[in-house]
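> To be precise about what I am sending: the file is called upload17.cif and holds mmCIF, C-alpha atoms and all ligand atoms.
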data_input
loop_
_atom_site.group_PDB
_atom_site.id
_atom_site.type_symbol
_atom_site.label_atom_id
_atom_site.label_comp_id
_atom_site.auth_asym_id
_atom_site.auth_seq_id
_atom_site.Cartn_x
_atom_site.Cartn_y
_atom_site.Cartn_z
ATOM 1 C CA MET B 32 17.910 -5.765 -0.142
ATOM 2 C CA LYS B 33 18.071 -9.500 0.213
ATOM 3 C CA PHE B 34 15.794 -12.209 1.426
ATOM 4 C CA ASN B 35 17.231 -14.924 3.610
ATOM 5 C CA GLU B 36 17.557 -17.776 1.133
ATOM 6 C CA GLY B 37 16.540 -20.509 3.524
ATOM 7 C CA ALA B 38 13.514 -18.772 5.053
ATOM 8 C CA SER B 39 10.063 -20.040 4.115
ATOM 9 C CA LEU B 40 7.552 -18.080 2.088
ATOM 10 C CA ASN B 41 3.859 -18.332 2.899
ATOM 11 C CA THR B 42 1.802 -18.034 -0.275
ATOM 12 C CA GLY B 43 -1.303 -18.627 1.837
ATOM 13 C CA GLN B 44 -1.317 -14.859 2.398
ATOM 14 C CA ILE B 45 -1.833 -14.295 -1.328
ATOM 15 C CA SER B 46 -4.902 -14.890 -3.456
ATOM 16 C CA ASP B 47 -3.678 -15.117 -7.022
ATOM 17 C CA GLN B 48 -6.540 -14.090 -9.295
ATOM 18 C CA ARG B 49 -4.439 -13.031 -12.243
ATOM 19 C CA GLY B 50 -5.878 -15.804 -14.329
ATOM 20 C CA SER B 51 -9.489 -14.854 -13.762
ATOM 21 C CA SER B 52 -11.576 -12.004 -15.049
ATOM 22 C CA GLY B 53 -12.424 -9.492 -12.402
ATOM 23 C CA GLY B 54 -15.748 -8.723 -13.937
ATOM 24 C CA GLY B 55 -17.178 -6.000 -16.080
ATOM 25 C CA GLY B 56 -14.147 -3.816 -16.058
ATOM 26 C CA GLY B 57 -16.222 -0.699 -15.749
ATOM 27 C CA GLY B 58 -13.737 0.606 -13.327
ATOM 28 C CA LEU B 59 -14.294 2.745 -10.344
ATOM 29 C CA GLY B 60 -12.526 5.896 -9.474
ATOM 30 C CA GLY B 61 -10.960 6.476 -6.156
ATOM 31 C CA GLY B 62 -7.827 7.646 -4.544
ATOM 32 C CA GLY B 63 -5.042 5.312 -5.403
ATOM 33 C CA LEU B 64 -1.860 5.117 -3.468
ATOM 34 C CA GLY B 65 -1.008 8.562 -4.664
ATOM 35 C CA GLY B 66 -4.455 10.019 -4.466
ATOM 36 C CA ILE B 67 -5.417 9.638 -8.077
ATOM 37 C CA PRO B 68 -5.892 6.718 -10.350
ATOM 38 C CA ILE B 69 -3.349 6.268 -13.028
ATOM 39 C CA GLY B 70 -4.186 6.686 -16.641
ATOM 40 C CA LYS B 71 -3.452 3.443 -18.421
ATOM 41 C CA ALA B 72 -3.157 2.569 -22.040
ATOM 42 C CA GLY B 73 -1.520 5.715 -23.210
ATOM 43 C CA GLY B 74 -4.411 7.992 -22.417
ATOM 44 C CA GLY B 75 -1.999 10.583 -21.212
ATOM 45 C CA ILE B 76 -2.886 13.584 -19.159
ATOM 46 C CA GLY B 77 -6.367 13.913 -20.596
ATOM 47 C CA LEU B 78 -7.327 10.490 -19.415
ATOM 48 C CA VAL B 79 -5.795 11.074 -16.041
ATOM 49 C CA VAL B 80 -7.786 14.248 -15.586
ATOM 50 C CA ALA B 81 -10.977 12.565 -16.695
ATOM 51 C CA ILE B 82 -10.481 9.805 -14.209
ATOM 52 C CA VAL B 83 -9.706 12.307 -11.506
ATOM 53 C CA LEU B 84 -13.058 13.955 -12.093
ATOM 54 C CA ILE B 85 -14.799 10.635 -11.723
ATOM 55 C CA ALA B 86 -12.777 9.993 -8.619
ATOM 56 C CA ILE B 87 -13.870 13.270 -7.106
ATOM 57 C CA GLN B 88 -17.482 12.481 -7.832
ATOM 58 C CA LEU B 89 -17.142 9.138 -6.162
ATOM 59 C CA PHE B 90 -15.292 10.514 -3.219
ATOM 60 C CA GLY B 91 -18.550 11.383 -1.525
ATOM 61 C CA GLY B 92 -19.259 7.712 -1.375
ATOM 62 C CA LYS B 93 -15.991 6.781 0.195
ATOM 63 C CA PHE B 94 -16.723 4.768 3.267
ATOM 64 C CA GLY B 95 -14.686 3.862 6.256
ATOM 65 C CA GLY B 96 -12.549 6.879 5.643
ATOM 66 C CA GLY B 97 -9.183 7.021 4.103
ATOM 67 C CA SER B 98 -8.849 3.788 2.272
ATOM 68 C CA ASP B 99 -7.060 4.138 -0.998
ATOM 69 C CA THR B 100 -10.129 3.256 -2.943
ATOM 70 C CA GLY B 101 -13.592 4.604 -3.253
ATOM 71 C CA SER B 102 -16.625 2.447 -2.845
ATOM 72 C CA ALA B 103 -19.051 1.633 -5.574
ATOM 73 C CA SER B 104 -22.672 2.695 -5.528
ATOM 74 C CA GLY B 105 -22.365 5.529 -3.113
ATOM 75 C CA GLY B 106 -20.877 3.571 -0.292
ATOM 76 C CA SER B 107 -23.680 1.119 0.103
ATOM 77 C CA SER B 108 -21.446 -1.840 -0.375
ATOM 78 C CA LEU B 109 -20.108 -2.104 3.146
ATOM 79 C CA LEU B 110 -21.284 -5.635 3.563
ATOM 80 C CA GLN B 111 -20.946 -6.748 0.010
ATOM 81 C CA GLN B 112 -18.275 -9.380 -0.084
ATOM 82 C CA ALA B 113 -16.115 -9.691 -3.141
ATOM 83 C CA ALA B 114 -17.489 -12.390 -5.343
ATOM 84 C CA ALA B 115 -14.010 -13.583 -6.013
ATOM 85 C CA THR B 116 -12.830 -13.618 -2.409
ATOM 86 C CA GLY B 117 -10.955 -16.772 -1.687
ATOM 87 C CA ASP B 118 -11.074 -17.784 -5.306
ATOM 88 C CA ASN B 119 -7.502 -18.842 -5.566
ATOM 89 C CA VAL B 120 -7.322 -19.523 -9.250
ATOM 90 C CA ASP B 121 -3.670 -20.225 -9.434
ATOM 91 C CA ALA B 122 -2.753 -20.830 -5.826
ATOM 92 C CA SER B 123 -0.967 -24.071 -6.395
ATOM 93 C CA ALA B 124 1.206 -22.548 -9.110
ATOM 94 C CA LEU B 125 2.293 -19.698 -6.878
ATOM 95 C CA ALA B 126 2.811 -22.070 -3.949
ATOM 96 C CA SER B 127 5.097 -24.306 -5.938
ATOM 97 C CA GLU B 128 6.949 -21.400 -7.493
ATOM 98 C CA CYS B 129 7.507 -19.393 -4.302
ATOM 99 C CA ARG B 130 8.805 -21.586 -1.510
ATOM 100 C CA THR B 131 11.796 -19.813 -0.002
ATOM 101 C CA GLY B 132 13.662 -16.540 0.298
ATOM 102 C CA ALA B 133 15.832 -17.708 -2.579
ATOM 103 C CA ASP B 134 12.729 -17.700 -4.775
ATOM 104 C CA ALA B 135 11.881 -14.210 -3.510
ATOM 105 C CA ASN B 136 15.353 -13.042 -4.531
ATOM 106 C CA ALA B 137 14.972 -14.577 -7.965
ATOM 107 C CA LYS B 138 11.360 -14.008 -9.073
ATOM 108 C CA ASP B 139 9.267 -10.867 -9.202
ATOM 109 C CA ASP B 140 5.997 -12.292 -7.902
ATOM 110 C CA CYS B 141 7.719 -14.313 -5.182
ATOM 111 C CA ARG B 142 9.386 -11.105 -4.016
ATOM 112 C CA VAL B 143 5.952 -9.593 -3.446
ATOM 113 C CA VAL B 144 4.984 -12.681 -1.448
ATOM 114 C CA GLY B 145 8.128 -12.135 0.610
ATOM 115 C CA PHE B 146 7.286 -8.503 1.312
ATOM 116 C CA VAL B 147 3.719 -9.351 2.318
ATOM 117 C CA ASN B 148 4.995 -12.083 4.639
ATOM 118 C CA SER B 149 7.613 -9.833 6.213
ATOM 119 C CA ILE B 150 5.166 -6.978 6.768
ATOM 120 C CA GLN B 151 2.639 -9.280 8.405
ATOM 121 C CA ASP B 152 5.355 -10.988 10.465
ATOM 122 C CA TYR B 153 6.218 -7.582 11.877
ATOM 123 C CA TRP B 154 2.658 -6.629 12.742
ATOM 124 C CA ALA B 155 1.887 -10.060 14.188
ATOM 125 C CA ASN B 156 4.872 -9.689 16.504
ATOM 126 C CA GLN B 157 4.024 -6.107 17.308
ATOM 127 C CA PHE B 158 0.416 -6.948 18.214
ATOM 128 C CA LYS B 159 1.567 -9.912 20.266
ATOM 129 C CA SER B 160 3.909 -7.701 22.261
ATOM 130 C CA THR B 161 0.905 -5.664 23.342
ATOM 131 C CA GLY B 162 -1.219 -8.697 24.154
ATOM 132 C CA LYS B 163 -3.279 -8.582 20.992
ATOM 133 C CA THR B 164 -3.746 -10.930 18.073
ATOM 134 C CA TYR B 165 -3.092 -9.673 14.586
ATOM 135 C CA PRO B 166 -5.608 -10.876 11.974
ATOM 136 C CA GLU B 167 -3.823 -11.357 8.670
ATOM 137 C CA ALA B 168 -4.974 -9.605 5.529
ATOM 138 C CA THR B 169 -4.762 -11.385 2.199
ATOM 139 C CA THR B 170 -3.178 -9.624 -0.749
ATOM 140 C CA VAL B 171 -4.997 -10.264 -4.013
ATOM 141 C CA PHE B 172 -3.008 -10.338 -7.245
ATOM 142 C CA TYR B 173 -5.245 -9.456 -10.169
ATOM 143 C CA SER B 174 -5.040 -8.360 -13.773
ATOM 144 C CA GLN B 175 -6.807 -5.214 -14.930
ATOM 145 C CA ALA B 176 -10.066 -5.546 -12.990
ATOM 146 C CA VAL B 177 -11.260 -7.175 -9.797
ATOM 147 C CA SER B 178 -14.412 -7.470 -7.715
ATOM 148 C CA THR B 179 -13.880 -6.361 -4.136
ATOM 149 C CA GLY B 180 -15.929 -5.744 -1.023
ATOM 150 C CA CYS B 181 -15.514 -2.055 -1.884
ATOM 151 C CA GLY B 182 -16.828 -2.355 -5.426
ATOM 152 C CA GLN B 183 -15.098 -2.909 -8.694
ATOM 153 C CA GLY B 184 -11.381 -2.245 -8.629
ATOM 154 C CA SER B 185 -9.137 -1.670 -11.598
ATOM 155 C CA SER B 186 -5.425 -1.439 -12.135
ATOM 156 C CA GLY B 187 -5.703 2.235 -12.988
ATOM 157 C CA MET B 188 -6.410 2.868 -9.312
ATOM 158 C CA GLY B 189 -3.057 1.574 -8.169
ATOM 159 C CA PRO B 190 -2.787 -0.756 -5.185
ATOM 160 C CA PHE B 191 -5.415 -0.282 -2.501
ATOM 161 C CA TYR B 192 -6.713 -1.701 0.743
ATOM 162 C CA CYS B 193 -10.409 -2.487 1.041
ATOM 163 C CA PRO B 194 -11.586 -2.190 4.654
ATOM 164 C CA ALA B 195 -14.853 -3.969 3.875
ATOM 165 C CA ASP B 196 -13.140 -7.272 3.089
ATOM 166 C CA ASN B 197 -9.788 -6.558 4.748
ATOM 167 C CA GLN B 198 -7.782 -7.310 1.648
ATOM 168 C CA VAL B 199 -5.021 -5.549 -0.253
ATOM 169 C CA TYR B 200 -5.427 -5.504 -4.034
ATOM 170 C CA ILE B 201 -2.641 -5.083 -6.548
ATOM 171 C CA ASP B 202 -2.091 -5.480 -10.248
ATOM 172 C CA LEU B 203 1.627 -6.179 -10.337
ATOM 173 C CA SER B 204 1.968 -4.074 -13.484
ATOM 174 C CA PHE B 205 1.864 -1.148 -11.046
ATOM 175 C CA TRP B 206 5.591 -1.526 -10.405
ATOM 176 C CA GLN B 207 6.178 -0.615 -14.039
ATOM 177 C CA ASP B 208 3.670 2.244 -13.830
ATOM 178 C CA LEU B 209 5.611 3.733 -10.943
ATOM 179 C CA LYS B 210 8.597 4.140 -13.214
ATOM 180 C CA THR B 211 6.941 5.019 -16.492
ATOM 181 C CA GLN B 212 4.092 7.215 -15.278
ATOM 182 C CA PHE B 213 5.272 8.580 -11.962
ATOM 183 C CA GLY B 214 8.912 8.720 -12.939
ATOM 184 C CA THR B 215 10.290 6.927 -9.925
ATOM 185 C CA ASN B 216 13.767 5.482 -9.913
ATOM 186 C CA GLY B 217 12.302 2.052 -9.275
ATOM 187 C CA GLY B 218 14.230 -0.332 -7.090
ATOM 188 C CA VAL B 219 12.667 -3.387 -5.557
ATOM 189 C CA PHE B 220 12.384 -1.917 -2.097
ATOM 190 C CA ALA B 221 9.940 0.649 -3.458
ATOM 191 C CA GLU B 222 7.589 -2.330 -3.708
ATOM 192 C CA GLY B 223 8.078 -3.054 -0.036
ATOM 193 C CA TYR B 224 7.238 0.543 0.821
ATOM 194 C CA VAL B 225 4.047 0.504 -1.254
ATOM 195 C CA LEU B 226 2.855 -2.794 0.228
ATOM 196 C CA ALA B 227 3.722 -1.731 3.760
ATOM 197 C CA HIS B 228 1.746 1.480 3.190
ATOM 198 C CA GLU B 229 -1.318 -0.568 2.198
ATOM 199 C CA TYR B 230 -0.894 -2.826 5.221
ATOM 200 C CA GLY B 231 -0.671 0.357 7.263
ATOM 201 C CA HIS B 232 -4.297 0.927 6.280
ATOM 202 C CA HIS B 233 -5.109 -2.568 7.508
ATOM 203 C CA ILE B 234 -3.581 -1.682 10.874
ATOM 204 C CA GLN B 235 -5.616 1.522 10.946
ATOM 205 C CA ALA B 236 -8.774 -0.451 10.239
ATOM 206 C CA LEU B 237 -7.938 -2.896 13.046
ATOM 207 C CA LEU B 238 -7.186 -0.100 15.502
ATOM 208 C CA GLY B 239 -10.292 1.860 14.555
ATOM 209 C CA THR B 240 -8.229 4.817 13.337
ATOM 210 C CA SER B 241 -9.861 4.798 9.922
ATOM 211 C CA ASP B 242 -13.265 5.256 11.541
ATOM 212 C CA ARG B 243 -12.221 8.669 12.824
ATOM 213 C CA VAL B 244 -11.713 9.967 9.319
ATOM 214 C CA GLY B 245 -14.259 11.079 6.780
ATOM 215 C CA SER B 246 -13.813 11.813 3.131
ATOM 216 C CA ASP B 247 -12.439 15.291 3.569
ATOM 217 C CA SER B 248 -9.498 16.788 1.769
ATOM 218 C CA GLY B 249 -7.075 19.585 2.458
ATOM 219 C CA PRO B 250 -3.570 19.987 3.815
ATOM 220 C CA THR B 251 -4.453 19.126 7.425
ATOM 221 C CA SER B 252 -7.440 16.887 6.684
ATOM 222 C CA GLY B 253 -8.081 13.546 8.322
ATOM 223 C CA SER B 254 -7.458 11.899 4.964
ATOM 224 C CA VAL B 255 -3.964 13.345 4.775
ATOM 225 C CA ARG B 256 -3.224 12.400 8.396
ATOM 226 C CA LEU B 257 -4.372 8.843 7.748
ATOM 227 C CA GLU B 258 -2.194 8.506 4.636
ATOM 228 C CA LEU B 259 0.872 9.996 6.302
ATOM 229 C CA GLN B 260 0.407 7.614 9.206
ATOM 230 C CA ALA B 261 0.345 4.705 6.746
ATOM 231 C CA ASP B 262 3.649 5.999 5.337
ATOM 232 C CA CYS B 263 5.042 6.171 8.860
ATOM 233 C CA TYR B 264 3.919 2.602 9.552
ATOM 234 C CA ALA B 265 5.717 1.573 6.358
ATOM 235 C CA GLY B 266 8.887 3.131 7.737
ATOM 236 C CA VAL B 267 8.385 1.312 11.042
ATOM 237 C CA TRP B 268 8.201 -1.997 9.197
ATOM 238 C CA ALA B 269 11.323 -1.148 7.168
ATOM 239 C CA LYS B 270 13.210 -0.473 10.395
ATOM 240 C CA ASN B 271 12.125 -3.744 11.997
ATOM 241 C CA ALA B 272 12.067 -6.039 8.958
ATOM 242 C CA THR B 273 15.613 -7.335 9.387
ATOM 243 C CA SER B 274 15.021 -8.280 13.019
ATOM 244 C CA THR B 275 11.552 -9.814 12.804
ATOM 245 C CA PRO B 276 11.285 -13.599 12.836
ATOM 246 C CA GLY B 277 8.587 -15.279 10.787
ATOM 247 C CA ALA B 278 6.439 -18.255 11.700
ATOM 248 C CA ASP B 279 9.363 -20.587 10.922
ATOM 249 C CA GLY B 280 11.566 -18.668 13.351
ATOM 250 C CA GLN B 281 13.724 -17.297 10.562
ATOM 251 C CA ILE B 282 14.129 -13.655 9.675
ATOM 252 C CA LEU B 283 12.879 -13.300 6.118
ATOM 253 C CA ILE B 284 14.689 -10.134 5.047
ATOM 254 C CA SER B 285 18.388 -10.303 5.811
ATOM 255 C CA ASP B 286 19.545 -6.966 4.480
ATOM 256 C CA ILE B 287 18.147 -3.515 3.707
ATOM 257 C CA THR B 288 20.597 -0.955 2.339
ATOM 258 C CA ASP B 289 20.692 2.833 2.317
ATOM 259 C CA GLN B 290 19.892 2.622 -1.389
ATOM 260 C CA ASP B 291 16.722 0.671 -0.568
ATOM 261 C CA ILE B 292 15.595 3.370 1.827
ATOM 262 C CA SER B 293 16.367 6.048 -0.709
ATOM 263 C CA ASP B 294 14.299 4.151 -3.301
ATOM 264 C CA ALA B 295 11.384 4.089 -0.856
ATOM 265 C CA LEU B 296 11.753 7.820 -0.197
ATOM 266 C CA ASP B 297 11.984 8.543 -3.912
ATOM 267 C CA THR B 298 8.729 6.685 -4.479
ATOM 268 C CA ALA B 299 7.064 8.453 -1.551
ATOM 269 C CA SER B 300 8.055 11.781 -3.069
ATOM 270 C CA LYS B 301 6.641 10.893 -6.500
ATOM 271 C CA ILE B 302 3.203 10.052 -5.129
ATOM 272 C CA GLY B 303 2.794 13.187 -3.040
ATOM 273 C CA ASP B 304 -0.287 15.253 -3.815
ATOM 274 C CA ASP B 305 1.671 18.290 -4.944
ATOM 275 C CA TYR B 306 3.929 16.254 -7.215
ATOM 276 C CA ILE B 307 1.012 14.387 -8.791
ATOM 277 C CA GLN B 308 -1.085 17.502 -9.278
ATOM 278 C CA THR B 309 1.837 19.311 -10.845
ATOM 279 C CA HIS B 310 3.193 16.512 -13.005
ATOM 280 C CA LEU B 311 0.185 14.324 -13.767
ATOM 281 C CA GLY B 312 -2.825 16.512 -13.115
ATOM 282 C CA SER B 313 -3.777 20.096 -13.770
ATOM 283 C CA GLY B 314 -0.231 21.371 -13.702
ATOM 284 C CA ARG B 315 -0.693 23.363 -10.530
ATOM 285 C CA SER B 316 -0.903 22.344 -6.926
ATOM 286 C CA ASP B 317 -4.217 22.864 -5.108
ATOM 287 C CA PRO B 318 -3.800 22.168 -1.382
ATOM 288 C CA SER B 319 -7.570 22.108 -0.838
ATOM 289 C CA GLN B 320 -7.618 18.856 -2.808
ATOM 290 C CA TYR B 321 -4.832 17.152 -0.893
ATOM 291 C CA THR B 322 -5.748 13.703 0.370
ATOM 292 C CA HIS B 323 -2.386 11.986 0.842
ATOM 293 C CA GLY B 324 0.053 14.734 1.805
ATOM 294 C CA THR B 325 2.817 16.491 -0.052
ATOM 295 C CA SER B 326 5.944 14.804 -1.301
ATOM 296 C CA ALA B 327 7.962 16.334 1.524
ATOM 297 C CA GLN B 328 5.431 15.178 4.098
ATOM 298 C CA ARG B 329 5.317 11.634 2.764
ATOM 299 C CA GLU B 330 9.094 11.416 2.929
ATOM 300 C CA LYS B 331 9.124 12.972 6.382
ATOM 301 C CA TRP B 332 6.666 10.472 7.854
ATOM 302 C CA PHE B 333 8.302 7.452 6.267
ATOM 303 C CA ARG B 334 11.547 8.696 7.808
ATOM 304 C CA GLN B 335 9.827 9.221 11.150
ATOM 305 C CA GLY B 336 8.763 5.574 11.164
ATOM 306 C CA PHE B 337 12.124 4.360 9.939
ATOM 307 C CA SER B 338 14.164 6.361 12.416
ATOM 308 C CA THR B 339 12.084 5.388 15.447
ATOM 309 C CA GLY B 340 10.880 1.915 14.500
ATOM 310 C CA ASP B 341 7.960 2.615 16.793
ATOM 311 C CA PRO B 342 4.353 2.824 15.613
ATOM 312 C CA ALA B 343 3.532 4.978 18.635
ATOM 313 C CA GLN B 344 5.682 7.674 17.021
ATOM 314 C CA CYS B 345 3.328 7.776 14.041
ATOM 315 C CA ASP B 346 0.695 9.975 15.654
ATOM 316 C CA THR B 347 -0.108 12.133 12.683
ATOM 317 C CA PHE B 348 -3.454 12.946 14.276
ATOM 318 C CA GLY B 349 -1.822 14.499 17.325
ATOM 319 C CA ALA B 350 0.846 16.290 15.305
ATOM 320 C CA LYS B 351 0.370 20.052 15.095
ATOM 321 C CA ASP B 352 2.891 20.295 12.293
ATOM 322 C CA LEU B 353 2.674 17.605 9.638
ATOM 323 C CA GLY B 354 5.896 18.853 8.050
HETATM 324 ZN ZN ZN W 401 -2.979 5.020 1.321
#
Mind turning the file's structure into C-alpha cells?
Ligand SMILES: [Zn+2]


Amino acid sequence: MKFNEGASLNTGQISDQRGSSGGGGGGLGGGGLGGIPIGKAGGGIGLVVAIVLIAIQLFGGKFGGGSDTGSASGGSSLLQQAAATGDNVDASALASECRTGADANAKDDCRVVGFVNSIQDYWANQFKSTGKTYPEATTVFYSQAVSTGCGQGSSGMGPFYCPADNQVYIDLSFWQDLKTQFGTNGGVFAEGYVLAHEYGHHIQALLGTSDRVGSDSGPTSGSVRLELQADCYAGVWAKNATSTPGADGQILISDITDQDISDALDTASKIGDDYIQTHLGSGRSDPSQYTHGTSAQREKWFRQGFSTGDPAQCDTFGAKDLG
C-alpha cells in the first residue's frame, strides 16, 4: 500500500501520550482485539491463561456491550473521564514529524496517523451521504499503561475502543506482538485492518448498535456479532480507502494491493477465538467462550465488507449464518 505523498496528515486526531505514565499499571483484563489480552514480558502461556481468568472475572462488568475492553470497578465507570484525556504530551513533536503522506510512507507512527485519518475520512463521508455528521474519535498512543474512561488500560490488552470516552487506545508495540505472539505474517496493512476494526466499534457506538449487546459469549452471541460487524466495517473502509477524499480534497491512500488484503485476512485469522484458544490458550477450542468469532468467520466478514464496500451489507445481527 502507499500513501499519496502530497496529501496532508492530521495529527489532531491523535493524542500522543507515549511520554507520560498512564498511572498505576495495575492493568485490567478484558477482551482485546482477539478476545484475550496478550501475555507480555515473556510470561508465556501461563501468564496468558492467568490473564484470561482475570478477564473472565471482569467480563461481568463489561459495559456498553462489545467493546474490546472491560471496564474497571464492575462497570461503574461509565461517566468517569480519563484523567489523561486531551493531555497531548508530545503533540507538537508528532505534528512536526507527520505532515504528509510521504511521512506516512516513511515513518511507522506517521503511518498510523495516516490510517486513522483515512478511516475517519471514509466514515465522515459515509455519514454525510446519509445526512448525518460523523463525530471524530481520537486515537491515543500510549506506552504500557493508560487511564481511560473505561478504567485502566494496558498494552497487554491489545488495542481497544472505549465507548465511555469515545477514544481508541493503542500501544504501538502491538504491531510487533501480532507477529511474535500471534504469529501473523505482518505487513503494514494489517495495521490498517486493526485500526479500522476499532473504529468500527466507534461507528457501532454512534449508531447505538453496541447498546443492543450484553456481555454474553458463544458462537452466535451478540458479542460475536458485534465483533464480526466491526471486521466487516474494516473491510468496507479498505474497499473505499483509495477513493475517499480527505479534508484537503486529496485521497490519502493511493494504492492497496492484493498482498495488503491478504495481510489483513491473515491477521483476522490469527485473532479468531478458535485460533487463540488453540494456540495461545488452553489448547482446545471452546465455542461457549467465543466473543469475537472464529478465524474463518473473521475472514469471511472482512471479505464481505471488502467485496461490497457497503456498511449496510454488514448486518451480522440479521444474519442467520455467520459463516
Ligand atoms: Zn473488537

> Might you spell out which residues the PyMOL selection byres (((chain B and resi 41) around 8) and not hetatm) would select in the displayed file, as a list in words?

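Selected by the PyMOL selection byres (((chain B and resi 41) around 8) and not hetatm) in this file: Ser39, Leu40, Thr42, Gly43, Gln44, Ala126, Arg130, Val144, Gly145 and Asn148 of chain B.
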
> Which residues are close to Gly354 (chain B), i.e. within 12 Å by all atoms listed in the file, leaving aside same-chain residues fewer than 4 positions away? Reply as a ChimeraX atom specification.

/B:250-251,255-256,259,324-335,347,350

> Between B:Ala272, B:Leu237, B:Leu125, B:Ala261, which is the closest to Tyr153 (chain B) once you count only C-alpha atoms?

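Going through B:Ala272, B:Leu237, B:Leu125, B:Ala261 one by one, the smallest distance to Tyr153 (chain B) is for B:Ala272.
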
> Between B:Lys301, B:Lys270, B:Lys159, B:His323, which one has atoms that come closest to ligand ZN 401 (chain W), using only C-alpha atoms and all ligand atoms?

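Going through B:Lys301, B:Lys270, B:Lys159, B:His323 one by one, the smallest distance to ligand ZN 401 (chain W) is for B:His323.
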
> Which residue, B:Ser46, B:Thr164, B:Thr131, B:Gln235, has the smallest gap to ligand ZN 401 (chain W) when you use all atoms listed in the file?

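Counting all atoms listed in the file, the residue closest to ligand ZN 401 (chain W) is B:Gln235.
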
> How many Å separate atom ZN of ligand ZN 401 (chain W) from CA of Asp262 (chain B)?

7.8 Å

> Out of B:Asp341, B:Arg49, B:Gly277, B:Tyr264, which residue has the shortest atom-to-atom distance to Ser186 (chain B) when counting all atoms listed in the file?

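Smallest distance to Ser186 (chain B) is found for B:Arg49.
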
> Between CA of Ser185 (chain B) and CA of Tyr230 (chain B), what is the spacing in Å?

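Pair CA of Tyr230 (chain B) / CA of Ser185 (chain B) returns 18.8 Å.
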
> So, with only C-alpha atoms and all ligand atoms as the atoms that count, which of B:Asp352, B:Glu258, B:Asp317, B:Asp291 lies closest to ligand ZN 401 (chain W)?

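When distances to ligand ZN 401 (chain W) are compared using only C-alpha atoms and all ligand atoms, the smallest one comes from B:Glu258.
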
> Could you tell me which of B:Gly132, B:Gly303, B:Gly50, B:Gly239 comes closest to ligand ZN 401 (chain W) if we count all atoms listed in the file?

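Going through B:Gly132, B:Gly303, B:Gly50, B:Gly239 one by one, the smallest distance to ligand ZN 401 (chain W) is for B:Gly303.
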
> Quick check, in Å to one decimal: how far apart do CA of Thr288 (chain B) and CA of Ala269 (chain B) lie?

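We find that CA of Thr288 (chain B) and CA of Ala269 (chain B) lie 10.5 Å from each other.
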
> Spell out the residues picked by the PyMOL selection byres (((chain B and resi 200) around 6) and not hetatm) here, as a PyMOL selection string.

chain B and resi 170-171+190-191+199+201

> If the PyMOL selection byres (((chain B and resi 240) around 10) and not hetatm) is run on the structure shown, which residues does it catch, given as a ChimeraX atom specification?

/B:95-97,232-239,241-244,257,260,348
